[in-house]
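Novice: Provided below: start-v1.tsv, containing TSV, C-alpha atoms.
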```
chain	number	residue	atom	x	y	z
A	12	PHE	CA	-27.48	20.16	2.00
A	13	ILE	CA	-25.93	23.20	0.34
A	14	PHE	CA	-24.11	20.95	-2.16
A	15	PHE	CA	-27.36	19.29	-3.21
A	16	PHE	CA	-29.66	22.33	-3.18
A	17	PRO	CA	-27.56	25.51	-3.43
A	18	GLY	CA	-29.30	28.79	-2.73
A	19	GLY	CA	-28.52	32.34	-3.79
A	20	TYR	CA	-25.91	32.93	-1.10
A	21	THR	CA	-23.44	30.19	-2.03
A	22	TRP	CA	-20.51	32.47	-2.86
A	23	SER	CA	-20.97	34.69	0.18
A	24	LEU	CA	-21.31	31.62	2.41
A	25	PHE	CA	-18.12	30.04	1.11
A	26	LEU	CA	-16.22	33.33	1.38
A	27	ALA	CA	-17.32	33.63	4.99
A	28	MET	CA	-16.19	30.04	5.63
A	29	ALA	CA	-12.80	30.76	4.05
A	30	GLY	CA	-12.40	33.89	6.18
A	31	SER	CA	-13.33	31.95	9.32
A	32	HIS	CA	-10.78	29.25	8.54
A	33	LEU	CA	-8.06	31.86	7.97
A	34	PHE	CA	-8.88	33.46	11.32
A	35	ILE	CA	-8.77	30.12	13.14
A	36	TYR	CA	-5.48	29.21	11.44
A	37	GLY	CA	-3.91	32.56	12.36
A	38	TYR	CA	-5.14	32.35	15.95
A	39	ASP	CA	-3.84	28.79	16.39
A	40	TYR	CA	-0.52	29.77	14.82
A	41	TYR	CA	-0.18	32.68	17.25
A	42	LYS	CA	-1.22	30.57	20.24
A	43	VAL	CA	1.13	27.68	19.49
A	44	LEU	CA	4.18	29.93	19.01
A	45	ARG	CA	3.59	32.21	22.00
A	46	GLN	CA	1.45	30.39	24.54
A	47	ILE	CA	2.26	26.67	24.35
A	48	PRO	CA	5.72	25.88	25.77
A	49	ARG	CA	5.97	22.38	24.34
A	50	CYS	CA	4.11	19.78	22.30
A	51	ASP	CA	4.60	16.03	22.65
A	52	TYR	CA	3.42	13.89	19.75
A	53	VAL	CA	3.74	10.34	21.02
A	54	ALA	CA	1.65	8.60	18.39
A	55	TYR	CA	-0.13	9.04	15.06
A	56	ASP	CA	-3.42	7.59	16.31
A	57	VAL	CA	-5.26	10.89	16.85
A	58	GLU	CA	-4.22	12.26	13.46
A	59	TRP	CA	-5.26	9.03	11.75
A	60	CYS	CA	-8.68	9.11	13.42
A	61	CYS	CA	-9.18	12.71	12.28
A	62	GLN	CA	-8.34	11.76	8.70
A	63	ALA	CA	-10.68	8.77	8.91
A	64	MET	CA	-13.49	11.00	10.19
A	65	PHE	CA	-13.04	13.15	7.08
A	66	ALA	CA	-13.83	10.18	4.82
A	67	PRO	CA	-17.67	10.20	5.18
A	68	VAL	CA	-17.72	14.01	5.21
A	69	VAL	CA	-15.79	14.35	1.95
A	70	GLY	CA	-17.87	11.49	0.57
A	71	ILE	CA	-20.87	13.82	0.67
A	72	MET	CA	-19.16	15.91	-2.02
A	73	ALA	CA	-18.87	12.82	-4.22
A	74	ALA	CA	-22.55	12.06	-3.72
A	75	ALA	CA	-23.45	15.69	-4.49
A	76	LEU	CA	-21.36	15.57	-7.67
A	77	VAL	CA	-23.27	12.52	-8.89
A	78	PHE	CA	-26.57	14.12	-7.91
A	79	LYS	CA	-25.92	17.49	-9.59
A	80	SER	CA	-24.41	16.03	-12.76
A	81	ASN	CA	-27.47	13.90	-13.35
A	82	CYS	CA	-28.99	14.37	-16.82
A	83	GLU	CA	-26.33	16.92	-17.75
A	84	SER	CA	-24.76	16.83	-21.20
A	85	GLY	CA	-22.33	13.92	-21.39
A	86	TYR	CA	-23.28	12.47	-17.99
A	87	HIS	CA	-25.64	9.81	-16.67
A	88	CYS	CA	-29.40	10.31	-16.48
A	89	VAL	CA	-31.38	8.37	-13.91
A	90	ARG	CA	-34.55	9.30	-12.07
A	91	GLY	CA	-36.47	8.50	-8.93
A	92	ASP	CA	-35.14	6.24	-6.23
A	93	LEU	CA	-32.36	5.03	-8.50
A	94	LEU	CA	-30.74	8.49	-8.34
A	95	VAL	CA	-30.69	8.29	-4.55
A	96	LEU	CA	-29.13	4.82	-4.71
A	97	VAL	CA	-26.47	5.95	-7.19
A	98	SER	CA	-25.60	8.98	-5.05
A	99	GLY	CA	-25.41	6.77	-1.97
A	100	ALA	CA	-23.17	4.32	-3.83
A	101	ALA	CA	-20.83	7.18	-4.75
A	102	TRP	CA	-20.67	8.17	-1.08
A	103	ALA	CA	-19.98	4.60	0.04
A	104	LEU	CA	-17.34	4.09	-2.68
A	105	HIS	CA	-15.47	7.24	-1.76
A	106	THR	CA	-15.59	6.48	1.97
A	107	THR	CA	-14.27	2.96	1.40
A	108	VAL	CA	-11.46	4.06	-0.90
A	109	HIS	CA	-10.54	6.88	1.50
A	110	ILE	CA	-10.22	4.48	4.45
A	111	LEU	CA	-8.29	1.91	2.41
A	112	LEU	CA	-5.82	4.58	1.30
A	113	LEU	CA	-5.26	5.59	4.91
A	114	ILE	CA	-4.68	1.99	5.94
A	115	TYR	CA	-2.48	0.71	3.13
A	116	VAL	CA	-1.07	3.60	1.05
A	117	VAL	CA	-0.33	6.41	3.51
A	118	PRO	CA	1.94	4.25	5.76
A	119	MET	CA	4.15	3.54	2.72
A	120	PHE	CA	5.30	7.19	2.77
A	121	GLY	CA	6.03	7.34	6.49
A	122	ARG	CA	9.45	7.63	8.01
A	123	THR	CA	11.00	4.72	9.87
A	124	VAL	CA	11.56	5.52	13.53
A	125	LYS	CA	14.96	4.41	14.74
A	126	LYS	CA	14.92	2.56	18.02
A	127	HIS	CA	17.48	3.79	20.52
A	128	PRO	CA	19.48	1.16	22.38
A	129	GLU	CA	18.31	0.50	25.90
A	130	ILE	CA	20.70	2.04	28.40
A	131	VAL	CA	20.56	1.38	32.12
A	132	VAL	CA	21.80	4.39	34.08
A	133	PRO	CA	21.48	5.45	37.70
A	134	TYR	CA	18.60	7.73	38.57
A	135	TRP	CA	20.77	10.68	39.54
A	136	VAL	CA	22.49	10.69	36.12
A	137	ALA	CA	19.20	10.85	34.25
A	138	ALA	CA	17.77	13.41	36.69
A	139	GLU	CA	20.69	15.76	35.99
A	140	HIS	CA	19.52	16.13	32.40
A	141	ILE	CA	15.76	15.53	32.64
A	142	PRO	CA	13.87	18.11	34.72
A	143	SER	CA	10.61	16.14	34.87
A	144	THR	CA	10.94	13.37	37.45
A	145	TRP	CA	8.59	11.56	39.79
A	146	PHE	CA	9.41	14.13	42.49
A	147	SER	CA	9.27	17.36	40.46
A	148	ALA	CA	6.20	16.39	38.43
A	149	ASN	CA	4.17	15.57	41.56
A	150	PRO	CA	2.50	18.78	42.82
A	151	VAL	CA	1.56	17.20	46.15
A	152	ASN	CA	5.16	16.20	46.77
A	153	CYS	CA	6.37	19.75	45.96
A	154	LEU	CA	3.80	21.38	48.27
A	155	ARG	CA	4.61	18.94	51.06
A	156	SER	CA	8.33	19.61	50.62
A	157	LYS	CA	7.90	23.39	50.88
A	158	TYR	CA	5.16	23.85	53.47
A	159	PHE	CA	5.18	20.68	55.59
A	160	TYR	CA	8.82	19.58	55.72
A	161	LYS	CA	10.12	23.11	54.95
A	162	HIS	CA	13.07	21.88	52.92
A	163	ASP	CA	15.64	24.45	51.86
A	164	PRO	CA	15.54	24.54	48.93
A	165	PRO	CA	12.31	22.62	48.47
A	166	CYS	CA	11.48	20.34	45.58
A	167	ASP	CA	10.48	22.76	42.83
A	168	TYR	CA	7.48	21.88	40.69
A	169	TYR	CA	8.31	21.18	37.06
A	170	PHE	CA	6.62	23.43	34.52
A	171	PRO	CA	7.58	23.30	30.82
A	172	GLY	CA	9.55	26.40	29.87
A	173	LYS	CA	10.51	27.23	33.48
A	174	GLU	CA	13.29	24.67	33.93
A	175	SER	CA	15.85	27.41	34.63
A	176	LEU	CA	14.06	28.21	37.92
A	177	MET	CA	14.39	24.71	39.33
A	178	ARG	CA	16.84	24.37	42.24
A	179	GLU	CA	19.04	21.41	42.95
A	180	ASN	CA	18.72	19.42	46.16
A	181	GLU	CA	20.26	15.97	45.98
A	182	LYS	CA	18.79	14.92	49.34
A	183	LEU	CA	15.30	15.22	47.86
A	184	GLY	CA	16.14	13.50	44.59
A	185	CYS	CA	16.28	16.81	42.70
A	186	HIS	CA	19.48	16.49	40.67
A	187	PHE	CA	18.59	18.67	37.71
A	188	LYS	CA	21.31	21.23	37.04
A	189	ARG	CA	19.68	24.39	35.76
A	190	LEU	CA	22.99	25.91	34.58
A	191	THR	CA	23.56	23.18	32.01
A	192	THR	CA	22.96	24.09	28.37
A	193	GLY	CA	19.86	22.42	27.04
A	194	PHE	CA	17.57	19.89	28.63
A	195	ARG	CA	18.14	16.89	26.40
A	196	PHE	CA	19.42	13.65	27.76
A	197	ASP	CA	23.17	13.34	27.25
A	198	LEU	CA	23.79	9.94	25.67
A	199	ALA	CA	27.55	10.07	26.20
A	200	SER	CA	27.27	10.70	29.92
A	201	ALA	CA	24.60	8.02	30.15
A	202	ARG	CA	26.91	5.46	28.55
A	203	SER	CA	29.77	6.44	30.83
A	204	ALA	CA	27.44	6.11	33.80
A	205	GLN	CA	26.35	2.71	32.57
A	206	SER	CA	29.95	1.53	32.30
A	207	TRP	CA	30.62	2.98	35.75
A	208	SER	CA	27.70	1.08	37.24
A	209	GLU	CA	28.80	-2.14	35.51
A	210	GLU	CA	32.35	-1.72	36.87
A	211	ALA	CA	30.92	-1.14	40.34
A	212	LYS	CA	29.00	-4.41	40.11
A	213	ARG	CA	32.09	-6.34	39.00
A	214	SER	CA	34.35	-4.94	41.71
A	215	PRO	CA	34.30	-6.81	45.05
A	216	ALA	CA	32.58	-5.08	47.95
```
If you convert what's in this file into structure tokens, what do you get?
Specialist:
Amino acid sequence: FIFFFPGGYTWSLFLAMAGSHLFIYGYDYYKVLRQIPRCDYVAYDVEWCCQAMFAPVVGIMAAALVFKSNCESGYHCVRGDLLVLVSGAAWALHTTVHILLLIYVVPMFGRTVKKHPEIVVPYWVAAEHIPSTWFSANPVNCLRSKYFYKHDPPCDYYFPGKESLMRENEKLGCHFKRLTTGFRFDLASARSAQSWSEEAKRSPA
């Protein structure tokens, strides 16, 4: 209620809030760059929900503006319950407009995501370029490979940022080559593998 009934510590309170936000921003910036190996943003849903949750919160500022400007020079002047209704209407109007902008206007400025053509490749071709597979991303499978079956080398567990430590063992389905440059999927080799697999299907057994 600080916007409706400000006290004598408004400036100090807001300065403390600004300092707290700067600290949180700096800490998150440091943590993301030095502690988080990778971020995957698969959808915009979480960001959209956060923006939508801001709508009623920011709407309080609109209601406070109507409440504090009441009976000021050049502004409206209402009293009693009508002032509460007008302030509530300002809150509801802002919240509605905020949500409508998120639904209809914001998507107009988004980038179009290009769809990649579907390519069918053998597992071993994809596993040479993608370190995270069903085998390496399964901790139980990696522990069983090392301590129960005692494979040499065992199936190494995939951890983002530690791909260079993964060892190759084709018998276990671990085809990732750690000496290759980069960990992105090679589209050219995938297409050649696809043509190879199609030729193998056409050729008589």
Novice: Counting all atoms listed in the file, what is within 12 Å of A:Asp163, bar same-chain residues fewer than 4 positions away, as a list in words?
Specialist: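 Listing them by chain and then by number gives Cys153, Ser156, Lys157, Tyr158, Phe159, Asp167, Arg178, Glu179, Asn180, Glu181, Lys182, Leu183 and Cys185 of chain A.
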Novice: Deliver the residues from the most recent selection as a file, using C-alpha atoms, as a PDB file, in the frame of the given file.
Specialist:
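Contents of selection00.pdb, as written:
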```pdb
ATOM      1  CA  CYS A 153       6.370  19.750  45.960  1.00  0.00           C
ATOM      2  CA  SER A 156       8.330  19.610  50.620  1.00  0.00           C
ATOM      3  CA  LYS A 157       7.900  23.390  50.880  1.00  0.00           C
ATOM      4  CA  TYR A 158       5.160  23.850  53.470  1.00  0.00           C
ATOM      5  CA  PHE A 159       5.180  20.680  55.590  1.00  0.00           C
ATOM      6  CA  ASP A 167      10.480  22.760  42.830  1.00  0.00           C
ATOM      7  CA  ARG A 178      16.840  24.370  42.240  1.00  0.00           C
ATOM      8  CA  GLU A 179      19.040  21.410  42.950  1.00  0.00           C
ATOM      9  CA  ASN A 180      18.720  19.420  46.160  1.00  0.00           C
ATOM     10  CA  GLU A 181      20.260  15.970  45.980  1.00  0.00           C
ATOM     11  CA  LYS A 182      18.790  14.920  49.340  1.00  0.00           C
ATOM     12  CA  LEU A 183      15.300  15.220  47.860  1.00  0.00           C
ATOM     13  CA  CYS A 185      16.280  16.810  42.700  1.00  0.00           C
TER      14      CYS A 185
END
```
Novice: Between A:Asn149, A:Tyr41, A:Pro17, A:Tyr55, which residue has the minimum interatomic distance to A:Arg122, considering all atoms listed in the file?
Specialist: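 Distance minimum relative to A:Arg122 lands on A:Tyr55.
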Novice: Quick one: of A:Ala103, A:Val95, A:Cys60, A:Cys50, who's nearest to A:Ala73, counting all atoms listed in the file?
Specialist: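 The closest residue to A:Ala73 is A:Ala103.
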Novice: For each of A:Leu154, A:Cys82, A:Ala66, A:Arg90, take the minimum atom-to-atom distance to A:Leu111, counting all atoms listed in the file, then give the residue where this is smallest.
Specialist: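 Among the listed residues, the smallest separation from A:Leu111 belongs to A:Ala66.
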Novice: Calculate how many Å separate atom CA of A:Ala138 from atom CA of A:Lys188, rounding to one decimal.
Specialist: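 These atoms are spaced 8.6 Å apart.
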Novice: Is it possible to get the residues within 12 Å of (-2.0, 6.5, 2.2) (coordinates as in the file, counting only C-alpha atoms) written as number ranges by chain?
Specialist: A: 59, 62-63, 108-121
Novice: What does the file look like for those residues with C-alpha atoms, as an mmCIF file, in the coordinates of the input?
Specialist:
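To be explicit, this is the file written out as again.cif:
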```cif
data_model
loop_
_atom_site.group_PDB
_atom_site.id
_atom_site.type_symbol
_atom_site.label_atom_id
_atom_site.label_comp_id
_atom_site.auth_asym_id
_atom_site.auth_seq_id
_atom_site.Cartn_x
_atom_site.Cartn_y
_atom_site.Cartn_z
ATOM 1 C CA TRP A 59 -5.260 9.030 11.750
ATOM 2 C CA GLN A 62 -8.340 11.760 8.700
ATOM 3 C CA ALA A 63 -10.680 8.770 8.910
ATOM 4 C CA VAL A 108 -11.460 4.060 -0.900
ATOM 5 C CA HIS A 109 -10.540 6.880 1.500
ATOM 6 C CA ILE A 110 -10.220 4.480 4.450
ATOM 7 C CA LEU A 111 -8.290 1.910 2.410
ATOM 8 C CA LEU A 112 -5.820 4.580 1.300
ATOM 9 C CA LEU A 113 -5.260 5.590 4.910
ATOM 10 C CA ILE A 114 -4.680 1.990 5.940
ATOM 11 C CA TYR A 115 -2.480 0.710 3.130
ATOM 12 C CA VAL A 116 -1.070 3.600 1.050
ATOM 13 C CA VAL A 117 -0.330 6.410 3.510
ATOM 14 C CA PRO A 118 1.940 4.250 5.760
ATOM 15 C CA MET A 119 4.150 3.540 2.720
ATOM 16 C CA PHE A 120 5.300 7.190 2.770
ATOM 17 C CA GLY A 121 6.030 7.340 6.490
#
```
Novice: Any idea what the distance is between atom CA of A:His32 and atom CA of A:Phe65?
Specialist: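 Atom CA of A:Phe65 lies 16.3 Å from atom CA of A:His32.
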Novice: With a distance cut-off of 12 Å and all atoms listed in the file, select the neighbouring residues of A:Pro150, excluding the residue or stretch itself and same-chain residues fewer than 4 positions from it, and output the selection as a PDB file with C-alpha atoms, in the frame of the given file.
Specialist:
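The resulting out_23.pdb:
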```
ATOM      1  CA  SER A 143      10.610  16.140  34.870  1.00  0.00           C
ATOM      2  CA  THR A 144      10.940  13.370  37.450  1.00  0.00           C
ATOM      3  CA  TRP A 145       8.590  11.560  39.790  1.00  0.00           C
ATOM      4  CA  PHE A 146       9.410  14.130  42.490  1.00  0.00           C
ATOM      5  CA  LEU A 154       3.800  21.380  48.270  1.00  0.00           C
ATOM      6  CA  ARG A 155       4.610  18.940  51.060  1.00  0.00           C
ATOM      7  CA  SER A 156       8.330  19.610  50.620  1.00  0.00           C
ATOM      8  CA  LYS A 157       7.900  23.390  50.880  1.00  0.00           C
ATOM      9  CA  PRO A 165      12.310  22.620  48.470  1.00  0.00           C
ATOM     10  CA  CYS A 166      11.480  20.340  45.580  1.00  0.00           C
ATOM     11  CA  ASP A 167      10.480  22.760  42.830  1.00  0.00           C
ATOM     12  CA  TYR A 168       7.480  21.880  40.690  1.00  0.00           C
ATOM     13  CA  TYR A 169       8.310  21.180  37.060  1.00  0.00           C
ATOM     14  CA  PHE A 170       6.620  23.430  34.520  1.00  0.00           C
TER      15      PHE A 170
END
```
Novice: When you draw a straight line from atom CA of A:Ala148 to atom CA of A:Arg49, how long is it in Å?
Specialist: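 A separation of 15.3 Å between them.
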Novice: Counting only C-alpha atoms, figure out which residue out of A:Asp92, A:Phe187, A:Ala54, A:Val77 gets nearest to A:Phe15.
Specialist: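 Under the stated criterion, the closest residue is A:Val77.
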Novice: As a PyMOL selection string, please: the residues near A:Ala100 (cut-off 12 Å, only C-alpha atoms, same-chain neighbours under 3 positions excluded).
Specialist: chain A and resi 70-71+73-75+77-78+93-97+103-107
Novice: As AutoDock Vina command-line options, please: the centre and edge lengths in Å, to one decimal, of an axis-aligned box enclosing every listed atom of stretch 121-131 of chain A with 8 Å added on each side.
Specialist:
```
--center_x 13.4 --center_y 4.1 --center_z 19.3 --size_x 30.7 --size_y 23.1 --size_z 41.6
```
Novice: Nearest to A:Ala137 among A:Gly99, A:Gly85, A:Gly172, A:Gly184, with distances taken over only C-alpha atoms: which residue is it?
Specialist: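 When distances to A:Ala137 are compared using only C-alpha atoms, the smallest one comes from A:Gly184.
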